[in-house]
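Below is final05.cif, which holds mmCIF, C-alpha atoms.
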data_data
#
loop_
_atom_site.label_atom_id
_atom_site.label_comp_id
_atom_site.auth_asym_id
_atom_site.auth_seq_id
_atom_site.Cartn_x
_atom_site.Cartn_y
_atom_site.Cartn_z
CA MET A 137 62.09 80.30 38.62
CA SER A 138 65.38 78.61 39.38
CA LEU A 139 66.40 75.45 37.61
CA LEU A 140 66.33 73.43 40.83
CA VAL A 141 62.76 74.36 41.57
CA ARG A 142 61.59 73.40 38.06
CA ARG A 143 63.18 69.94 38.34
CA VAL A 144 61.50 69.30 41.70
CA LEU A 145 58.05 70.18 40.25
CA CYS A 146 58.64 68.02 37.22
CA TRP A 147 59.50 65.00 39.33
CA ALA A 148 56.31 65.50 41.37
CA VAL A 149 53.91 65.91 38.41
CA VAL A 150 55.15 63.13 36.05
CA PRO A 151 54.44 60.18 38.40
CA LEU A 152 50.90 61.46 39.05
CA ALA A 153 50.17 61.65 35.31
CA ILE A 154 51.50 58.16 34.76
CA ALA A 155 49.39 56.72 37.60
CA GLY A 156 46.14 58.29 36.31
CA CYS A 157 46.35 57.00 32.70
CA PRO A 158 45.07 53.38 31.88
CA VAL A 159 47.49 51.15 30.11
CA GLU A 160 45.93 48.93 27.35
CA PRO A 161 47.51 45.49 26.74
CA VAL A 162 49.07 44.85 23.45
CA ASP A 163 49.29 41.36 21.87
CA ASP A 164 52.26 39.97 20.02
CA ASP A 165 51.05 41.33 16.70
CA GLY A 166 50.63 44.77 18.11
CA ALA A 167 46.83 44.64 17.90
CA ASP A 168 44.46 45.56 20.72
CA ALA A 169 43.65 42.36 22.69
CA SER A 170 40.10 43.43 23.58
CA THR A 171 39.38 44.35 19.97
CA SER A 172 40.67 40.97 18.74
CA SER A 173 38.62 39.01 21.29
CA GLY A 174 35.46 40.92 20.43
CA SER A 175 35.93 40.41 16.72
CA SER A 176 36.55 36.68 17.18
CA THR A 177 33.44 36.22 19.30
CA THR A 178 31.27 38.18 16.88
CA THR A 179 32.58 36.20 13.89
CA GLU A 180 31.96 32.82 15.57
CA ALA A 181 28.41 33.80 16.59
CA SER A 182 27.58 35.01 13.11
CA THR A 183 28.99 31.87 11.50
CA SER A 184 27.06 29.60 13.86
CA ALA A 185 23.77 31.44 13.28
CA ALA A 186 24.22 31.51 9.51
CA THR A 187 25.00 27.79 9.18
CA PRO A 188 21.74 25.78 8.51
CA ALA A 189 21.00 22.87 10.83
CA ASP A 190 21.27 19.43 9.29
CA PRO A 191 18.18 17.46 10.44
CA THR A 192 20.05 14.16 9.89
CA THR A 193 23.08 14.96 12.10
CA GLY A 194 24.06 16.50 15.39
CA GLY A 195 21.77 17.80 18.11
CA ASP A 196 19.07 18.75 15.58
CA GLU A 197 18.75 15.07 14.63
CA GLY A 198 17.95 14.24 18.22
CA SER A 199 15.28 16.93 18.32
CA THR A 200 13.73 15.80 15.03
CA GLY A 201 13.83 12.13 16.05
CA VAL A 202 12.01 12.80 19.34
CA GLY A 203 9.21 14.68 17.61
CA SER A 204 8.62 11.93 15.06
CA SER A 205 8.90 9.17 17.60
CA GLY A 206 6.64 11.05 19.99
CA GLY A 207 3.95 11.41 17.35
CA SER A 208 4.22 7.77 16.35
CA THR A 209 4.20 6.62 19.94
CA GLY A 210 1.09 8.70 20.68
CA SER A 211 -0.74 7.14 17.73
CA GLU A 212 0.22 3.61 18.76
CA SER A 213 -0.82 4.30 22.33
CA SER A 214 -4.21 5.55 21.18
CA THR A 215 -4.74 2.49 18.97
CA GLY A 216 -3.66 0.14 21.71
CA SER A 217 -6.09 1.73 24.16
CA SER A 218 -8.93 1.40 21.71
CA ASP A 219 -8.11 -2.25 21.02
CA GLY A 220 -7.82 -2.91 24.73
CA ASP A 221 -11.23 -1.43 25.41
CA GLY A 222 -12.71 -3.46 22.59
CA ASP A 223 -11.22 -6.67 23.91
CA ALA A 224 -12.46 -5.86 27.39
CA SER A 225 -16.00 -5.29 26.18
CA ARG A 226 -15.97 -8.53 24.21
CA GLY A 227 -14.41 -10.54 26.99
CA ASP A 228 -16.80 -9.76 29.84
CA GLY A 229 -19.44 -12.20 28.62
CA SER A 230 -22.14 -9.53 28.47
CA THR A 231 -24.71 -9.33 25.70
CA GLY A 232 -24.34 -5.56 25.70
CA GLU A 233 -27.79 -5.01 27.20
CA ALA A 234 -27.88 -3.88 30.81
CA SER A 235 -30.22 -5.82 33.10
CA VAL A 236 -31.92 -4.41 36.19
CA CYS A 237 -33.63 -7.08 38.28
CA GLY A 238 -36.87 -5.92 39.86
CA ASN A 239 -38.08 -3.45 37.21
CA ASN A 240 -40.64 -5.90 35.74
CA VAL A 241 -38.83 -5.89 32.39
CA LEU A 242 -36.99 -8.87 30.91
CA GLU A 243 -33.45 -7.74 30.07
CA GLY A 244 -30.06 -9.28 29.40
CA ASP A 245 -29.74 -12.81 30.80
CA GLU A 246 -32.77 -12.61 33.14
CA VAL A 247 -35.01 -15.70 33.21
CA CYS A 248 -37.88 -13.73 34.71
CA ASP A 249 -38.55 -10.39 36.41
CA LEU A 250 -41.44 -9.97 38.87
CA ALA A 251 -44.61 -10.73 36.85
CA GLN A 252 -42.67 -11.25 33.60
CA LEU A 253 -42.42 -15.05 33.41
CA SER A 254 -41.71 -15.51 29.70
CA GLY A 255 -45.08 -17.20 29.27
CA GLU A 256 -44.23 -20.03 31.65
CA THR A 257 -46.63 -21.47 34.24
CA CYS A 258 -46.45 -24.19 36.85
CA LYS A 259 -48.10 -26.59 34.41
CA SER A 260 -45.73 -25.74 31.55
CA LEU A 261 -42.84 -26.57 33.89
CA GLY A 262 -44.28 -30.01 34.68
CA HIS A 263 -46.34 -29.30 37.78
CA GLY A 264 -50.03 -29.89 38.34
CA GLY A 265 -50.84 -26.25 38.88
CA GLY A 266 -50.37 -23.43 41.32
CA GLN A 267 -48.90 -19.95 41.10
CA LEU A 268 -45.51 -19.58 39.45
CA THR A 269 -43.38 -16.67 40.64
CA CYS A 270 -39.85 -15.35 40.05
CA LEU A 271 -36.84 -15.48 42.35
CA LEU A 272 -35.70 -12.11 43.70
CA THR A 273 -32.44 -12.52 41.76
CA CYS A 274 -34.28 -12.94 38.42
CA GLU A 275 -32.03 -15.93 37.73
CA ASP A 276 -34.76 -18.61 37.88
CA TYR A 277 -38.38 -19.35 38.73
CA ASN A 278 -39.75 -19.78 42.24
CA LEU A 279 -41.57 -23.13 42.32
CA LEU A 280 -42.78 -22.97 45.92
CA GLY A 281 -46.28 -22.05 44.74
CA CYS A 282 -46.44 -24.95 42.29
CA PHE A 283 -47.81 -28.38 43.15
CA ILE A 284 -48.38 -31.84 41.72
CA CYS A 285 -52.05 -32.70 42.13
CA GLY A 286 -52.75 -36.37 42.78
CA ASN A 287 -49.55 -37.29 44.60
CA GLY A 288 -51.53 -37.85 47.82
CA THR A 289 -49.80 -34.95 49.58
CA ILE A 290 -51.33 -31.53 50.06
CA ASP A 291 -48.49 -29.40 48.71
CA ILE A 292 -48.09 -25.65 49.04
CA GLY A 293 -50.76 -24.12 46.83
CA GLU A 294 -53.11 -27.09 47.13
CA ASP A 295 -56.38 -27.08 49.08
CA CYS A 296 -57.01 -30.80 49.00
CA GLU A 297 -55.99 -34.16 47.53
CA ASP A 298 -58.82 -36.31 46.16
CA SER A 299 -61.17 -35.46 49.03
CA VAL A 300 -62.05 -32.45 51.12
CA PRO A 301 -61.37 -32.44 54.86
CA LYS A 302 -64.56 -32.95 56.90
CA GLU A 303 -64.28 -29.59 58.59
CA VAL A 304 -64.43 -27.83 55.23
CA THR A 305 -68.03 -27.22 54.05
CA CYS A 306 -69.86 -24.73 51.85
CA GLN A 307 -71.01 -22.97 55.02
CA SER A 308 -67.45 -22.74 56.35
CA LEU A 309 -66.47 -21.14 53.06
CA GLY A 310 -69.18 -18.48 53.30
CA PHE A 311 -72.08 -20.10 51.43
CA GLU A 312 -75.53 -20.96 52.70
CA ALA A 313 -75.92 -24.46 51.32
CA GLY A 314 -74.41 -27.06 49.06
CA GLU A 315 -71.44 -29.37 49.10
CA VAL A 316 -67.82 -28.46 48.46
CA THR A 317 -65.67 -30.90 46.48
CA CYS A 318 -61.99 -31.21 45.50
CA GLY A 319 -61.35 -29.95 41.99
CA ASP A 320 -59.05 -31.28 39.27
CA GLU A 321 -56.26 -28.93 40.35
CA CYS A 322 -56.55 -29.93 44.00
CA THR A 323 -58.36 -26.72 44.94
CA TYR A 324 -61.82 -26.42 46.45
CA ASP A 325 -64.65 -26.65 43.93
CA THR A 326 -67.57 -24.53 45.20
CA SER A 327 -69.71 -24.76 42.09
CA GLU A 328 -72.25 -26.77 44.12
CA CYS A 329 -72.36 -24.24 46.92
CA SER A 330 -75.08 -21.59 46.83
CA ASN A 331 -76.30 -18.33 48.27
CA CYS A 332 -80.00 -17.83 47.65
CA GLY A 333 -80.69 -14.33 46.45
CA ASP A 334 -77.45 -13.69 44.64
CA GLY A 335 -79.21 -14.07 41.28
CA VAL A 336 -77.28 -17.18 40.28
CA ALA A 337 -78.88 -20.62 40.39
CA SER A 338 -76.21 -22.93 41.83
CA GLY A 339 -75.81 -25.95 44.07
CA PRO A 340 -79.11 -27.24 45.42
CA GLU A 341 -81.05 -24.18 44.19
CA ASP A 342 -83.84 -24.64 41.61
CA CYS A 343 -83.65 -21.02 40.65
CA ASP A 344 -82.39 -17.69 41.91
CA GLY A 345 -84.10 -14.48 40.91
CA LEU A 346 -84.54 -14.63 37.15
CA ASP A 347 -82.08 -17.47 36.74
CA PHE A 348 -84.07 -20.67 36.20
CA GLY A 349 -81.19 -22.64 34.81
CA GLY A 350 -83.03 -23.01 31.49
CA GLU A 351 -86.12 -24.60 33.06
CA THR A 352 -89.73 -23.72 32.14
CA CYS A 353 -93.23 -24.97 32.96
CA ASP A 354 -93.04 -27.23 29.92
CA THR A 355 -89.75 -28.83 30.96
CA GLN A 356 -91.25 -29.34 34.40
CA GLY A 357 -94.18 -31.37 32.93
CA PHE A 358 -96.85 -28.68 32.63
CA ASP A 359 -98.85 -27.57 29.61
CA GLY A 360 -97.30 -24.17 29.36
CA GLY A 361 -97.56 -21.23 31.68
CA LEU A 362 -95.05 -19.03 33.51
CA LEU A 363 -92.60 -20.63 35.91
CA GLY A 364 -91.80 -18.66 39.05
CA CYS A 365 -89.11 -18.74 41.77
CA ASN A 366 -89.55 -18.62 45.54
CA LEU A 367 -87.11 -15.91 46.68
CA ALA A 368 -86.95 -17.21 50.23
CA ASN A 369 -85.50 -20.62 49.41
CA CYS A 370 -84.76 -20.46 45.68
CA THR A 371 -87.19 -23.21 44.71
CA PHE A 372 -89.60 -23.28 41.75
CA ASN A 373 -93.04 -21.73 42.08
CA TYR A 374 -95.51 -23.62 39.87
CA SER A 375 -98.50 -21.46 40.52
CA GLY A 376 -98.27 -19.93 37.07
CA CYS A 377 -97.95 -23.17 35.17
CA LEU A 378 -100.93 -24.82 33.38
CA GLU A 379 -102.04 -28.30 34.16
CA THR A 380 -102.13 -30.79 31.33
#
Could you write out this file's structure as structure tokens?
Amino acid sequence: MSLLVRRVLCWAVVPLAIAGCPVEPVDDDGADASTSSGSSTTTEASTSAATPADPTTGGDEGSTGVGSSGGSTGSESSTGSSDGDGDASRGDGSTGEASVCGNNVLEGDEVCDLAQLSGETCKSLGHGGGQLTCLLTCEDYNLLGCFICGNGTIDIGEDCEDSVPKEVTCQSLGFEAGEVTCGDECTYDTSECSNCGDGVASGPEDCDGLDFGGETCDTQGFDGGLLGCNLANCTFNYSGCLET
């Protein structure tokens, strides 16, 4: 091959070889830059990982302080909540016992509950008589059924005052005979009213059935014998008594 041809080929090949080969940078000390950077990074990472954290300084102190404070704060919060609940329960004025008005049981601050009247009556509260009841709120007694007998006024719960109205008689009250009166508690007294045949000697009756009111032939002025009773009109039958 001629010398000219060889030079032409050499000029064509050399630039291609130079363009295809990577060129690595070299630092001032002649060392590989990438190798130096990698070594520096590795050394710093190892040193940082190997150095123990000081809990009293730096970022670790902040972490440790938060944990301690958080625990302390949680404890104080719990105590405060408990104290708050305690104060609330002591400050509501309750006795601690729940009350349910209307269950016929005395509870809490109830004065009464339905038929539970704490042993009180109209008379024990200063009234003449009547029927004591309880308010629907259980806060106090209902005195509408109480009365003061003898004040000249027929109050609620009273039948009469001193005397009985003329239209009221034993017959109007369902008896056959007798006389109705006004009792000590200003209610009708029917002890003198009677129904012949009911077996009870009352009112104008001498006897009723076997009830002779303790009377005998002897007490009636006879010399013994057996006293009888007329069932039709409840009067004594002396046919069995002995004459003196």
Exercise for the section: Tell me, in Å to one decimal, how far atom CA of Thr323 of chain A is from atom CA of Cys248 of chain A. Expected result: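 If I compute the distance from atom CA of Thr323 of chain A to atom CA of Cys248 of chain A, I get 26.3 Å.
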Practice task
Take the point (-37.9, -9.2, 33.7) as written in the file and pick out every residue within 7 Å of it, counting all atoms listed in the file; give the list as a PyMOL selection string.
Solution key: chain A and resi 237+239-243+246+248-250+252
Exercise for the section: Evaluate the PyMOL selection byres ((chain A and resi 294-311) around 9) here and jot the selected residues down as JSON, numbers by chain. Expected result: {"A": [265, 266, 281, 282, 283, 284, 285, 286, 287, 288, 289, 290, 291, 292, 293, 312, 313, 314, 315, 316, 317, 318, 319, 320, 321, 322, 323, 324, 326, 328, 329, 330, 331]}
Export, as a CSV table (one decimal), in the frame of the given file, the selected residues with C-alpha atoms.
chain,number,residue,atom,x,y,z
A,265,GLY,CA,-50.8,-26.2,38.9
A,266,GLY,CA,-50.4,-23.4,41.3
A,281,GLY,CA,-46.3,-22.0,44.7
A,282,CYS,CA,-46.4,-25.0,42.3
A,283,PHE,CA,-47.8,-28.4,43.2
A,284,ILE,CA,-48.4,-31.8,41.7
A,285,CYS,CA,-52.0,-32.7,42.1
A,286,GLY,CA,-52.8,-36.4,42.8
A,287,ASN,CA,-49.6,-37.3,44.6
A,288,GLY,CA,-51.5,-37.8,47.8
A,289,THR,CA,-49.8,-35.0,49.6
A,290,ILE,CA,-51.3,-31.5,50.1
A,291,ASP,CA,-48.5,-29.4,48.7
A,292,ILE,CA,-48.1,-25.6,49.0
A,293,GLY,CA,-50.8,-24.1,46.8
A,312,GLU,CA,-75.5,-21.0,52.7
A,313,ALA,CA,-75.9,-24.5,51.3
A,314,GLY,CA,-74.4,-27.1,49.1
A,315,GLU,CA,-71.4,-29.4,49.1
A,316,VAL,CA,-67.8,-28.5,48.5
A,317,THR,CA,-65.7,-30.9,46.5
A,318,CYS,CA,-62.0,-31.2,45.5
A,319,GLY,CA,-61.4,-30.0,42.0
A,320,ASP,CA,-59.0,-31.3,39.3
A,321,GLU,CA,-56.3,-28.9,40.4
A,322,CYS,CA,-56.6,-29.9,44.0
A,323,THR,CA,-58.4,-26.7,44.9
A,324,TYR,CA,-61.8,-26.4,46.4
A,326,THR,CA,-67.6,-24.5,45.2
A,328,GLU,CA,-72.2,-26.8,44.1
A,329,CYS,CA,-72.4,-24.2,46.9
A,330,SER,CA,-75.1,-21.6,46.8
A,331,ASN,CA,-76.3,-18.3,48.3
Practice task
Report the distance between atom CA of Gly339 of chain A and atom CA of Leu378 of chain A in Å, rounded to one decimal place.
Solution key: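 Going from atom CA of Gly339 of chain A over to atom CA of Leu378 of chain A covers 27.3 Å.
The space separating atom CA of Val336 of chain A from atom CA of Asp359 of chain A comes to 26.2 Å.
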Exercise for the section: I need the residue set behind the PyMOL selection byres ((chain A and resi 334) around 12) for this file; please write it as JSON, numbers by chain. Expected result: {"A": [311, 312, 329, 330, 331, 332, 333, 335, 336, 337, 338, 341, 343, 344, 345, 346, 347, 367, 368, 369, 370]}
